[in-house]
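Visitor: Structure file structure20.txt (compact mmCIF, C-alpha atoms) is given on the next line.
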# COMPACT_ATOMS: atom_id res chain seq x y z
CA MET A 1420 0.00 0.00 0.00
CA CYS A 1421 1.33 3.43 -0.93
CA ASN A 1422 2.14 6.11 1.62
CA ALA A 1423 4.47 9.09 1.82
CA LYS A 1424 7.50 6.83 2.49
CA ASN A 1425 7.19 4.20 -0.24
CA HIS A 1426 5.51 6.15 -3.07
CA HIS A 1427 7.31 5.21 -6.32
CA PRO A 1428 7.41 6.83 -9.81
CA GLN A 1429 4.99 4.30 -11.35
CA CYS A 1430 2.49 4.43 -8.49
CA ARG A 1431 -1.13 5.14 -9.47
CA CYS A 1432 -2.47 6.14 -6.06
CA GLY A 1433 -3.52 9.50 -7.51
CA PHE A 1434 -1.68 11.57 -4.90
CA GLY A 1435 1.21 11.75 -7.36
CA PRO A 1436 3.33 12.44 -9.02
CA PRO A 1437 2.21 11.01 -11.38
CA TYR A 1438 -1.24 12.44 -10.72
CA ALA A 1439 -4.54 10.86 -11.75
CA PHE A 1440 -6.28 14.09 -12.78
CA TRP A 1441 -4.47 17.38 -13.26
CA GLY A 1442 -4.37 20.51 -15.40
CA VAL A 1443 -5.31 24.18 -15.31
CA MET A 1444 -8.52 26.04 -14.47
CA LYS A 1445 -9.33 29.41 -15.99
CA PHE A 1446 -11.71 31.59 -13.97
CA GLU A 1447 -13.80 33.89 -16.14
CA GLU A 1448 -15.35 37.23 -15.13
CA LYS A 1449 -18.28 37.16 -12.72
CA LYS A 1450 -21.91 37.60 -13.74
CA SER A 1451 -23.86 39.54 -11.13
CA TRP A 1452 -26.71 37.95 -9.22
CA VAL A 1453 -29.13 40.69 -10.28
CA ASP A 1454 -28.45 40.08 -13.98
CA SER A 1455 -29.01 36.35 -13.45
CA ILE A 1456 -32.33 36.46 -11.62
CA LEU A 1457 -33.85 39.14 -13.86
CA ALA A 1458 -33.54 36.84 -16.88
CA GLY A 1459 -37.12 35.62 -16.40
CA LEU A 1460 -39.94 35.05 -13.91
CA LYS A 1461 -38.78 31.54 -13.02
CA THR A 1462 -35.26 32.62 -12.12
CA LEU A 1463 -36.63 35.68 -10.33
CA SER A 1464 -39.00 33.59 -8.22
CA HIS A 1465 -36.16 31.23 -7.30
CA GLY A 1466 -33.88 34.18 -6.50
CA LEU A 1467 -36.43 35.72 -4.14
CA GLU A 1468 -36.83 32.35 -2.44
CA GLU A 1469 -33.06 32.26 -1.84
CA LEU A 1470 -33.35 35.63 -0.08
CA GLY A 1471 -35.79 34.17 2.41
CA TYR A 1472 -39.03 35.55 0.95
CA GLU A 1473 -42.12 33.55 1.86
CA PRO A 1474 -44.21 32.05 -1.01
CA GLU A 1475 -47.05 34.51 -0.44
CA GLU A 1476 -44.60 37.45 -0.57
CA ILE A 1477 -43.17 36.21 -3.86
CA GLU A 1478 -46.66 35.75 -5.27
CA GLU A 1479 -47.52 39.32 -4.30
CA ILE A 1480 -44.36 40.72 -5.94
CA LEU A 1481 -45.00 38.82 -9.19
CA GLU A 1482 -48.74 39.50 -9.29
CA GLY A 1483 -49.99 40.79 -12.62
CA MET A 1484 -46.88 39.91 -14.62
CA ASP A 1485 -47.01 37.83 -17.81
CA LYS A 1486 -45.96 34.26 -17.15
CA GLY A 1487 -42.57 33.36 -18.61
CA ARG A 1488 -41.79 36.99 -19.46
CA LEU A 1489 -40.21 39.85 -17.55
CA LYS A 1490 -40.55 43.32 -19.02
CA LYS A 1491 -37.76 45.83 -18.57
CA LYS A 1492 -39.87 48.22 -16.49
CA ASP A 1493 -41.05 45.35 -14.25
CA ALA A 1494 -37.48 44.16 -13.80
CA GLN A 1495 -36.36 47.63 -12.71
CA LYS A 1496 -39.30 47.94 -10.31
CA ILE A 1497 -38.52 44.63 -8.64
CA LYS A 1498 -34.83 45.42 -8.50
CA ASP A 1499 -35.53 48.69 -6.72
CA GLN A 1500 -37.96 47.01 -4.33
CA VAL A 1501 -35.60 44.19 -3.40
CA LEU A 1502 -32.41 46.23 -3.11
CA ASN A 1503 -33.69 49.59 -1.83
CA GLN A 1504 -36.61 48.73 0.42
CA TYR A 1505 -34.41 46.83 2.88
CA SER A 1506 -31.00 47.18 4.48
CA TYR A 1507 -28.51 44.35 4.12
CA SER A 1508 -25.65 43.74 6.55
CA VAL A 1509 -22.92 41.11 6.74
CA GLU A 1510 -22.68 39.15 10.00
CA GLY A 1511 -19.97 36.69 9.05
CA ALA A 1512 -18.22 35.00 6.14
CA ILE A 1513 -16.24 31.81 5.59
CA THR A 1514 -14.37 30.49 2.55
CA GLN A 1515 -14.01 26.75 2.04
CA GLY A 1516 -12.84 24.37 -0.65
CA VAL A 1517 -15.70 22.46 -2.27
CA ALA A 1518 -15.08 19.23 -4.19
CA VAL A 1519 -17.03 19.19 -7.45
CA PRO A 1520 -17.35 15.69 -8.99
CA ILE A 1521 -16.54 15.91 -12.70
CA PHE A 1522 -16.71 12.29 -13.80
CA MET A 1523 -17.51 9.02 -12.01
CA LEU A 1524 -15.90 5.73 -12.97
CA HIS A 1525 -18.30 3.07 -11.74
CA LEU A 1526 -17.38 -0.60 -12.07
CA PRO A 1527 -20.05 -3.11 -13.19
CA GLU A 1528 -22.01 -4.83 -10.41
CA TYR A 1529 -23.83 -8.14 -10.64
CA SER A 1530 -25.89 -7.24 -7.54
CA VAL A 1531 -26.13 -4.22 -5.29
CA GLY A 1532 -22.74 -3.49 -3.79
CA ARG A 1533 -21.04 -6.50 -5.41
CA LYS A 1534 -18.59 -5.58 -8.17
CA VAL A 1535 -17.57 -7.96 -10.96
CA LYS A 1536 -14.14 -9.19 -9.92
CA GLY A 1537 -11.44 -8.53 -12.46
CA SER A 1538 -13.27 -5.61 -14.09
CA ARG A 1539 -11.24 -2.47 -14.69
CA ILE A 1540 -11.99 0.95 -16.22
CA ILE A 1541 -9.23 3.31 -17.39
CA PHE A 1542 -9.79 6.95 -18.26
CA LYS A 1543 -6.81 8.49 -20.09
CA GLU A 1544 -6.55 11.81 -21.88
CA ASN A 1545 -4.19 14.70 -22.51
CA GLY A 1546 -4.99 18.38 -22.51
CA SER A 1547 -6.26 19.94 -25.73
CA LYS A 1548 -6.17 23.43 -27.24
CA GLU A 1549 -9.90 23.95 -26.78
CA GLY A 1550 -9.95 22.44 -23.27
CA ASN A 1551 -11.84 19.42 -21.96
CA TRP A 1552 -14.48 20.65 -19.54
CA GLU A 1553 -16.44 23.78 -18.75
CA LEU A 1554 -18.17 24.49 -15.44
CA ARG A 1555 -20.72 27.15 -14.59
CA ALA A 1556 -20.92 27.76 -10.85
CA ILE A 1557 -24.26 29.46 -10.16
CA GLY A 1558 -24.27 31.64 -7.05
CA SER A 1559 -27.07 31.67 -4.50
CA GLY A 1560 -28.56 34.43 -2.33
CA MET A 1561 -27.09 37.42 -4.21
CA GLY A 1562 -23.98 35.41 -5.07
CA SER A 1563 -22.51 35.90 -8.55
CA SER A 1564 -22.21 33.19 -11.21
CA ARG A 1565 -19.01 32.24 -12.96
CA ILE A 1566 -17.58 30.14 -15.77
CA ILE A 1567 -14.57 27.87 -15.15
CA LYS A 1568 -12.78 26.45 -18.19
CA ILE A 1569 -10.69 23.33 -17.56
CA ASN A 1570 -7.86 21.95 -19.63
CA SER A 1571 -7.08 18.62 -18.01
CA SER A 1572 -5.06 15.45 -18.37
CA ALA A 1573 -5.92 12.17 -16.71
CA PHE A 1574 -4.76 8.67 -15.96
CA ALA A 1575 -7.47 7.38 -13.65
CA VAL A 1576 -8.12 3.71 -12.97
CA ALA A 1577 -11.10 2.08 -11.26
CA GLU A 1578 -10.17 -1.47 -10.28
CA ARG A 1579 -10.01 -3.93 -7.37
CA GLU A 1580 -13.75 -3.43 -6.80
CA GLN A 1581 -13.33 0.30 -6.05
CA CYS A 1582 -15.20 2.95 -8.02
CA LYS A 1583 -13.43 6.27 -8.54
CA ILE A 1584 -14.50 9.93 -8.80
CA LEU A 1585 -12.59 12.60 -10.71
CA TYR A 1586 -13.09 15.99 -9.10
CA ILE A 1587 -11.75 19.51 -8.72
CA ASN A 1588 -11.70 21.76 -5.66
CA ILE A 1589 -13.14 25.24 -6.05
CA PRO A 1590 -13.03 28.04 -3.45
CA VAL A 1591 -16.54 29.00 -2.33
CA LYS A 1592 -17.41 31.84 0.02
CA ALA A 1593 -20.50 31.67 2.24
CA THR A 1594 -21.62 34.98 3.75
CA LYS A 1595 -24.38 35.42 6.33
CA ILE A 1596 -26.62 38.32 5.29
CA VAL A 1597 -29.15 39.87 7.68
CA VAL A 1598 -32.04 41.86 6.18
CA THR A 1599 -33.60 44.70 8.17
CA GLU A 1600 -36.38 47.23 7.63
CA ASN A 1601 -36.63 50.27 9.94
CA ASN A 1602 -33.97 48.64 12.14
CA GLN A 1603 -36.10 45.52 12.53
CA LYS A 1604 -34.79 42.14 11.43
CA VAL A 1605 -36.89 40.78 8.58
CA ARG A 1606 -34.98 37.69 7.42
CA GLN A 1607 -31.52 36.20 6.96
CA PHE A 1608 -29.88 34.07 4.27
CA LEU A 1609 -26.57 32.75 2.94
CA LYS A 1610 -24.88 34.44 0.02
CA VAL A 1611 -22.83 31.78 -1.77
CA GLU A 1612 -20.44 32.33 -4.66
CA LEU A 1613 -17.15 31.26 -6.18
CA VAL A 1614 -14.26 33.51 -5.09
CA GLY A 1615 -10.92 34.40 -6.64
CA GLU A 1616 -9.64 36.81 -9.22
CA PRO A 1617 -10.00 36.03 -12.95
CA GLY A 1618 -7.01 34.07 -14.18
CA THR A 1619 -5.49 30.64 -14.71
CA PHE A 1620 -4.65 28.26 -11.84
CA SER A 1621 -3.12 24.77 -11.74
CA PHE A 1622 -4.74 21.83 -9.98
CA TYR A 1623 -3.46 18.35 -9.06
CA HIS A 1624 -4.71 15.14 -7.49
CA GLY A 1625 -8.37 15.05 -8.38
CA LEU A 1626 -9.20 11.39 -7.72
CA LYS A 1627 -10.94 9.77 -4.79
CA THR A 1628 -12.69 6.49 -4.03
CA CYS A 1629 -16.48 6.42 -4.15
CA LYS A 1630 -17.66 5.19 -0.75
CA LYS A 1631 -21.25 4.46 -1.76
CA LYS A 1632 -21.97 0.77 -1.39
CA LYS A 1633 -25.17 0.97 -3.43
CA CYS A 1634 -23.94 3.05 -6.36
CA ARG A 1635 -25.60 0.75 -8.92
CA GLU A 1636 -29.00 0.97 -7.29
CA ASP A 1637 -29.27 4.77 -7.08
CA TYR A 1638 -27.00 5.77 -9.95
CA ARG A 1639 -28.10 3.82 -13.02
CA ALA A 1640 -31.55 5.42 -13.30
CA MET A 1641 -32.30 7.21 -16.56
CA GLY A 1642 -28.99 6.31 -18.16
CA VAL A 1643 -28.30 6.82 -21.86
CA PRO A 1644 -27.10 3.54 -23.47
CA ILE A 1645 -23.59 3.73 -24.93
CA ALA A 1646 -22.69 0.15 -25.82
CA PHE A 1647 -23.74 -3.47 -25.20
CA PHE A 1648 -21.12 -6.17 -24.53
CA PRO A 1649 -22.56 -9.72 -24.83
CA LEU A 1650 -20.15 -11.83 -22.78
CA ALA A 1651 -22.58 -14.10 -20.93
CA ASP A 1652 -21.41 -17.13 -22.92
CA THR A 1653 -17.72 -16.32 -22.49
CA GLU A 1654 -15.62 -18.17 -19.91
CA PRO A 1655 -15.85 -16.17 -16.63
CA ARG A 1656 -12.08 -16.11 -16.13
CA THR A 1657 -11.51 -14.70 -19.60
CA ILE A 1658 -10.84 -10.95 -19.58
CA ILE A 1659 -11.87 -9.06 -22.73
CA HIS A 1660 -10.32 -5.65 -23.43
CA TYR A 1661 -12.36 -2.90 -25.10
CA ASN A 1662 -11.80 0.69 -26.18
CA GLU A 1663 -14.91 2.85 -26.24
CA GLU A 1664 -15.38 6.43 -27.47
CA TRP A 1665 -18.53 8.56 -27.55
CA ASP A 1666 -19.85 12.10 -27.44
CA TYR A 1667 -20.58 13.06 -23.86
CA GLY A 1668 -23.74 14.91 -24.83
CA SER A 1669 -25.58 17.73 -23.09
CA LYS A 1670 -24.75 19.46 -19.84
CA ARG A 1671 -25.00 17.81 -16.43
CA GLU A 1672 -26.11 19.69 -13.34
CA ILE A 1673 -25.21 18.89 -9.76
CA ARG A 1674 -26.42 20.54 -6.55
CA ILE A 1675 -24.06 21.09 -3.64
CA GLN A 1676 -25.47 21.89 -0.22
CA LEU A 1677 -23.45 24.33 1.85
CA LYS A 1678 -23.97 25.01 5.57
CA ALA A 1679 -22.63 27.89 7.64
CA PHE A 1680 -23.80 30.01 10.58
CA GLY A 1681 -26.77 27.72 11.16
CA LEU A 1682 -28.05 28.36 7.62
CA SER A 1683 -27.93 26.31 4.43
CA ALA A 1684 -27.97 27.06 0.71
CA ILE A 1685 -27.74 25.16 -2.55
CA MET A 1686 -25.07 25.97 -5.12
CA LYS A 1687 -25.70 24.60 -8.61
CA VAL A 1688 -22.85 23.64 -10.90
CA GLU A 1689 -23.44 22.92 -14.59
CA ILE A 1690 -20.82 20.67 -16.22
CA TYR A 1691 -20.13 20.56 -19.97
CA ARG A 1692 -17.83 18.15 -21.78
CA LYS A 1693 -16.25 19.86 -24.80
CA ASN A 1694 -14.92 16.80 -26.66
CA LYS A 1695 -15.39 13.04 -26.91
CA LEU A 1696 -14.73 10.66 -24.04
CA LYS A 1697 -12.49 7.64 -24.36
CA LEU A 1698 -12.37 4.70 -21.98
CA GLU A 1699 -10.43 1.45 -21.83
CA MET A 1700 -12.27 -1.46 -20.22
CA ASP A 1701 -11.38 -4.93 -19.03
CA LEU A 1702 -14.56 -7.00 -18.73
CA PRO A 1703 -14.59 -10.61 -17.45
CA GLY A 1704 -16.78 -13.14 -19.24
CA GLY A 1705 -19.94 -14.55 -17.71
CA HIS A 1706 -22.13 -11.44 -17.99
CA ASP A 1707 -23.85 -9.30 -20.60
CA TYR A 1708 -22.87 -5.68 -19.95
CA LEU A 1709 -24.78 -2.54 -20.88
CA LEU A 1710 -22.70 0.64 -20.53
CA LEU A 1711 -24.77 3.71 -19.65
CA ALA A 1712 -24.13 7.43 -19.21
CA PRO A 1713 -26.52 8.92 -16.60
CA LYS A 1714 -28.33 12.02 -17.83
CA LYS A 1715 -28.02 14.06 -14.65
CA LYS A 1716 -24.79 12.94 -13.02
CA GLY A 1717 -21.53 12.78 -14.92
CA GLY A 1718 -19.80 9.47 -15.46
CA ILE A 1719 -20.70 5.91 -16.36
CA THR A 1720 -22.77 3.14 -14.87
CA TRP A 1721 -23.78 -0.39 -15.88
CA GLU A 1722 -26.72 -2.74 -16.23
CA LEU A 1723 -25.91 -6.46 -16.02
CA ASP A 1724 -29.40 -7.90 -15.90
CA ASP A 1725 -29.86 -9.29 -19.42
CA ALA A 1726 -33.62 -8.75 -19.62
CA ALA A 1727 -33.40 -5.20 -18.25
CA ALA A 1728 -30.48 -4.33 -20.51
CA ARG A 1729 -32.16 -5.60 -23.66
CA GLY A 1730 -35.39 -3.89 -22.60
CA ILE A 1731 -33.60 -0.56 -22.39
CA LEU A 1732 -32.00 -1.12 -25.80
CA ASP A 1733 -35.28 -2.14 -27.43
CA SER A 1734 -37.24 0.78 -25.96
CA LEU A 1735 -34.73 3.25 -27.36
CA ASN A 1736 -34.09 1.39 -30.63
CA VAL A 1737 -30.39 1.18 -29.80
CA ASN A 1738 -28.13 -1.35 -31.49
CA GLY A 1739 -24.74 -0.82 -29.91
CA SER A 1740 -23.56 -4.41 -29.47
CA ARG A 1741 -19.79 -4.83 -29.17
CA GLN A 1742 -18.53 -8.30 -30.02
CA PRO A 1743 -15.36 -9.63 -28.36
CA PRO A 1744 -12.30 -8.82 -30.50
CA ASP A 1745 -10.65 -11.69 -32.34
Is it possible to express this structure as structure tokens?

Guide:
Amino acid sequence: MCNAKNHHPQCRCGFGPPYAFWGVMKFEEKKSWVDSILAGLKTLSHGLEELGYEPEEIEEILEGMDKGRLKKKDAQKIKDQVLNQYSYSVEGAITQGVAVPIFMLHLPEYSVGRKVKGSRIIFKENGSKEGNWELRAIGSGMGSSRIIKINSSAFAVAEREQCKILYINIPVKATKIVVTENNQKVRQFLKVELVGEPGTFSFYHGLKTCKKKKCREDYRAMGVPIAFFPLADTEPRTIIHYNEEWDYGSKREIRIQLKAFGLSAIMKVEIYRKNKLKLEMDLPGGHDYLLLAPKKKGGITWELDDAAARGILDSLNVNGSRQPPD
């Protein structure tokens, strides 16, 4: 087992060097909270909720407005009401590193919590000119939003019945805001936003072990089929090697709960993949494997039940069968 004393140049523990996931992050300019919530009635309603407004108060503010639309004069009126009617004061702030999961390497399971022995997933890539990932960290409670562009390299391996998570740490500031009117406390909330000046920053060691024992049960739902590997009739001790490449597709969104000063808030992070994904896989015989990409959470998951797998393929008219190489 690796530790600080016996770490060697070929070690793949992820703490490096060599690292499992590394590269540079570019922080773009901030987009103000006001500009974000005034984009439409839905975002405005959600923004007012973050500020601690009660549902009936929000309904009163939005009364008479066209659904789905926000006129310029209405936007200015609401802005003045929210920002000028009350006084806002800071009662404390804390900055903490938040781990954002970028991609999850889940090993196939033949039952909940039981991985297929001998299976291995390898995610390798080098940085590219256009970058690999793009994140949009959406602030909460008057917090600004921000784009993070990532140019990353990776050599991450999920094996020995341990699923892995590629992640980056981002600095997030949580500020306690107290709202008063005529020196009377009206409400309080957390302002949450990404902090740091615009610029480029390096990151290293973005790999950790997934500790969920039931990842298959609560992670495979609503997955998009990528490929089908019919190995049920292959000798169980035979390991078949595959290379798979596909377009990652649309954005993923994750929600991160932050707690501070006895309050809580949700920070949303949208994750975009800018180029194709490539994986190497070692799959033991004895099972039919359906590789899936969950729609909401980034990464891969599997379906090993033959009837369920073929049902998913048939319902979506997918024919992605991969035969064992000669």

Visitor: For the point (-3.9, 19.4, -8.6) in the file's frame, write as number ranges by chain all residues with an atom no more than 8 Å away, counting only C-alpha atoms.

Guide: A: 1438, 1440-1442, 1587, 1621-1625

Visitor: Give me, please, the distance in Å between atom CA of A:Lys1445 and atom CA of A:Phe1522, quoted to one decimal.

Guide: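 Straight-line distance from atom CA of A:Lys1445 to atom CA of A:Phe1522 works out to 18.8 Å.
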
Visitor: So which residues touch stretch 1502-1515 of chain A within 7 Å, counting all atoms listed in the file, skipping near sequence neighbours fewer than 3 positions away, as a list in words?

Guide: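 Listed by chain and then number, they are Lys1498, Asp1499, Pro1590, Val1591, Lys1592, Ala1593, Thr1594, Lys1595, Ile1596, Val1597, Val1598, Thr1599 and Glu1600 of chain A.
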
Visitor: Can you tell me how far atom CA of A:Pro1713 sits from atom CA of A:Asn1545, in Å to one decimal?

Guide: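 Distance between the two atoms: 23.8 Å.
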
Visitor: In Å, how far is it from atom CA of A:His1660 to atom CA of A:Thr1628?

Guide: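 Between these atoms lies a distance of 23.0 Å.
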
Visitor: Might you pull out every residue within 7 Å of stretch 1563-1569 of chain A, with all atoms listed in the file counted and same-chain residues fewer than 2 positions away left off, and present them as JSON, numbers by chain?

Guide: {"A": [1443, 1444, 1445, 1446, 1447, 1448, 1449, 1450, 1451, 1452, 1550, 1551, 1552, 1553, 1554, 1555, 1556, 1557, 1558, 1561, 1571, 1612]}

Visitor: Store the residues picked out above, limited to C-alpha atoms, as a PDB file, in the frame of the given file.

Guide:
ATOM      1  CA  VAL A1443      -5.310  24.180 -15.310  1.00  0.00           C
ATOM      2  CA  MET A1444      -8.520  26.040 -14.470  1.00  0.00           C
ATOM      3  CA  LYS A1445      -9.330  29.410 -15.990  1.00  0.00           C
ATOM      4  CA  PHE A1446     -11.710  31.590 -13.970  1.00  0.00           C
ATOM      5  CA  GLU A1447     -13.800  33.890 -16.140  1.00  0.00           C
ATOM      6  CA  GLU A1448     -15.350  37.230 -15.130  1.00  0.00           C
ATOM      7  CA  LYS A1449     -18.280  37.160 -12.720  1.00  0.00           C
ATOM      8  CA  LYS A1450     -21.910  37.600 -13.740  1.00  0.00           C
ATOM      9  CA  SER A1451     -23.860  39.540 -11.130  1.00  0.00           C
ATOM     10  CA  TRP A1452     -26.710  37.950  -9.220  1.00  0.00           C
ATOM     11  CA  GLY A1550      -9.950  22.440 -23.270  1.00  0.00           C
ATOM     12  CA  ASN A1551     -11.840  19.420 -21.960  1.00  0.00           C
ATOM     13  CA  TRP A1552     -14.480  20.650 -19.540  1.00  0.00           C
ATOM     14  CA  GLU A1553     -16.440  23.780 -18.750  1.00  0.00           C
ATOM     15  CA  LEU A1554     -18.170  24.490 -15.440  1.00  0.00           C
ATOM     16  CA  ARG A1555     -20.720  27.150 -14.590  1.00  0.00           C
ATOM     17  CA  ALA A1556     -20.920  27.760 -10.850  1.00  0.00           C
ATOM     18  CA  ILE A1557     -24.260  29.460 -10.160  1.00  0.00           C
ATOM     19  CA  GLY A1558     -24.270  31.640  -7.050  1.00  0.00           C
ATOM     20  CA  MET A1561     -27.090  37.420  -4.210  1.00  0.00           C
ATOM     21  CA  SER A1571      -7.080  18.620 -18.010  1.00  0.00           C
ATOM     22  CA  GLU A1612     -20.440  32.330  -4.660  1.00  0.00           C
TER      23      GLU A1612
END

Visitor: Around the point (-18.7, -0.9, -7.7) (coordinates from the file), which residues reach within 6 Å if we count all atoms listed in the file? Answer as JSON, numbers by chain.

Guide: {"A": [1525, 1526, 1528, 1534, 1580, 1581, 1582]}

Visitor: Generate the output file for the selected residues, C-alpha atoms, as a PDB file, keeping the file's coordinate frame.

Guide:
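Saved the output as again05.pdb:
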ATOM      1  CA  HIS A1525     -18.300   3.070 -11.740  1.00  0.00           C
ATOM      2  CA  LEU A1526     -17.380  -0.600 -12.070  1.00  0.00           C
ATOM      3  CA  GLU A1528     -22.010  -4.830 -10.410  1.00  0.00           C
ATOM      4  CA  LYS A1534     -18.590  -5.580  -8.170  1.00  0.00           C
ATOM      5  CA  GLU A1580     -13.750  -3.430  -6.800  1.00  0.00           C
ATOM      6  CA  GLN A1581     -13.330   0.300  -6.050  1.00  0.00           C
ATOM      7  CA  CYS A1582     -15.200   2.950  -8.020  1.00  0.00           C
TER       8      CYS A1582
END

Visitor: Can you work out which one of A:Ile1541, A:Leu1463, A:Leu1650, A:Val1688 has the shortest atom-to-atom distance to A:Val1501, counting all atoms listed in the file?

Guide: A:Leu1463

Visitor: Check the smallest atom-to-atom distance from each of A:Tyr1708, A:Phe1542, A:Phe1608, A:Tyr1586 to A:Glu1664 using only C-alpha atoms, then report the winner.

Guide: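 Selected residue with least distance to A:Glu1664: A:Phe1542.
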
Visitor: For A:Glu1722, which residue out of A:Val1643, A:Gly1546, A:Pro1655, A:Ser1572 is the nearest one, using only C-alpha atoms?

Guide: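 Looking only at the distances to A:Glu1722, the closest residue turns out to be A:Val1643.
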
Visitor: Do a neighbour search on stretch 1668-1683 of chain A at 7 Å with only C-alpha atoms, toss out local chain neighbours closer than 6 positions, and write the hits as a list in words.

Guide: Ala1593, Lys1595, Phe1608, Leu1609, Glu1689, Ile1690, Tyr1691, Lys1714, Lys1715, Lys1716 and Gly1717 of chain A

Visitor: Would you mind exporting the chosen residues as a PDB file, in the frame of the given file, restricted to C-alpha atoms?

Guide:
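For reference, result_5.pdb as written:
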ATOM      1  CA  ALA A1593     -20.500  31.670   2.240  1.00  0.00           C
ATOM      2  CA  LYS A1595     -24.380  35.420   6.330  1.00  0.00           C
ATOM      3  CA  PHE A1608     -29.880  34.070   4.270  1.00  0.00           C
ATOM      4  CA  LEU A1609     -26.570  32.750   2.940  1.00  0.00           C
ATOM      5  CA  GLU A1689     -23.440  22.920 -14.590  1.00  0.00           C
ATOM      6  CA  ILE A1690     -20.820  20.670 -16.220  1.00  0.00           C
ATOM      7  CA  TYR A1691     -20.130  20.560 -19.970  1.00  0.00           C
ATOM      8  CA  LYS A1714     -28.330  12.020 -17.830  1.00  0.00           C
ATOM      9  CA  LYS A1715     -28.020  14.060 -14.650  1.00  0.00           C
ATOM     10  CA  LYS A1716     -24.790  12.940 -13.020  1.00  0.00           C
ATOM     11  CA  GLY A1717     -21.530  12.780 -14.920  1.00  0.00           C
TER      12      GLY A1717
END

Visitor: As lines of an AutoDock Vina configuration file, please report the centre and edge lengths, rounded to one decimal in Å, of the axis-aligned box that holds all listed atoms of stretch 1578-1582 of chain A with 4 Å of padding on each of the six sides.

Guide:
center_x = -12.6
center_y = -0.5
center_z = -8.2
size_x = 13.2
size_y = 14.9
size_z = 12.2

Visitor: Which residues, written as number ranges by chain, have at least one atom at most 12 Å from A:Thr1657, with only C-alpha atoms counted and residues fewer than 4 positions away on the same chain left out?

Guide: A: 1536-1538, 1650-1653, 1701-1706, 1743

Visitor: Which residue gives the smallest distance to A:Lys1610 among A:Ser1530, A:Thr1462, A:Ser1559, A:Asn1694, with only C-alpha atoms counted?

Guide: A:Ser1559

Visitor: May I ask which of the residues A:Val1576, A:Leu1481, A:Leu1710, A:Leu1585 is the closest one to A:Ile1521, counting only C-alpha atoms?

Guide: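 Going through A:Val1576, A:Leu1481, A:Leu1710, A:Leu1585 one by one, the smallest distance to A:Ile1521 is for A:Leu1585.
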
Visitor: Can I get stretch 1536-1540 of chain A with all heavy atoms filled in, as a PDB file, keeping the file's coordinate frame?

Guide:
ATOM      1  N   LYS A1536     -15.568  -9.066 -10.178  1.00  0.00           N
ATOM      2  CA  LYS A1536     -14.140  -9.190  -9.920  1.00  0.00           C
ATOM      3  C   LYS A1536     -13.358  -9.270 -11.226  1.00  0.00           C
ATOM      4  O   LYS A1536     -13.745  -9.977 -12.144  1.00  0.00           O
ATOM      5  CB  LYS A1536     -13.852 -10.429  -9.067  1.00  0.00           C
ATOM      6  CG  LYS A1536     -14.354 -10.299  -7.632  1.00  0.00           C
ATOM      7  CD  LYS A1536     -13.932 -11.491  -6.785  1.00  0.00           C
ATOM      8  CE  LYS A1536     -14.381 -11.315  -5.339  1.00  0.00           C
ATOM      9  NZ  LYS A1536     -13.959 -12.454  -4.493  1.00  0.00           N
ATOM     10  N   GLY A1537     -12.267  -8.537 -11.271  1.00  0.00           N
ATOM     11  CA  GLY A1537     -11.440  -8.530 -12.460  1.00  0.00           C
ATOM     12  C   GLY A1537     -11.782  -7.416 -13.436  1.00  0.00           C
ATOM     13  O   GLY A1537     -11.047  -7.175 -14.393  1.00  0.00           O
ATOM     14  N   SER A1538     -12.901  -6.721 -13.205  1.00  0.00           N
ATOM     15  CA  SER A1538     -13.270  -5.610 -14.090  1.00  0.00           C
ATOM     16  C   SER A1538     -12.381  -4.403 -13.795  1.00  0.00           C
ATOM     17  O   SER A1538     -11.983  -4.163 -12.650  1.00  0.00           O
ATOM     18  CB  SER A1538     -14.742  -5.257 -13.934  1.00  0.00           C
ATOM     19  OG  SER A1538     -15.027  -4.847 -12.602  1.00  0.00           O
ATOM     20  N   ARG A1539     -12.096  -3.647 -14.837  1.00  0.00           N
ATOM     21  CA  ARG A1539     -11.240  -2.470 -14.690  1.00  0.00           C
ATOM     22  C   ARG A1539     -11.630  -1.429 -15.737  1.00  0.00           C
ATOM     23  O   ARG A1539     -11.871  -1.761 -16.896  1.00  0.00           O
ATOM     24  CB  ARG A1539      -9.769  -2.847 -14.855  1.00  0.00           C
ATOM     25  CG  ARG A1539      -8.809  -1.685 -14.596  1.00  0.00           C
ATOM     26  CD  ARG A1539      -7.373  -2.150 -14.537  1.00  0.00           C
ATOM     27  NE  ARG A1539      -6.871  -2.552 -15.839  1.00  0.00           N
ATOM     28  CZ  ARG A1539      -5.585  -2.456 -16.211  1.00  0.00           C
ATOM     29  NH1 ARG A1539      -4.684  -1.987 -15.359  1.00  0.00           N
ATOM     30  NH2 ARG A1539      -5.208  -2.843 -17.407  1.00  0.00           N
ATOM     31  N   ILE A1540     -11.676  -0.157 -15.329  1.00  0.00           N
ATOM     32  CA  ILE A1540     -11.990   0.950 -16.220  1.00  0.00           C
ATOM     33  C   ILE A1540     -10.843   1.951 -16.161  1.00  0.00           C
ATOM     34  O   ILE A1540     -10.425   2.354 -15.072  1.00  0.00           O
ATOM     35  CB  ILE A1540     -13.308   1.662 -15.825  1.00  0.00           C
ATOM     36  CG1 ILE A1540     -14.427   0.648 -15.565  1.00  0.00           C
ATOM     37  CG2 ILE A1540     -13.705   2.673 -16.893  1.00  0.00           C
ATOM     38  CD1 ILE A1540     -14.825  -0.151 -16.766  1.00  0.00           C
TER      39      ILE A1540
END
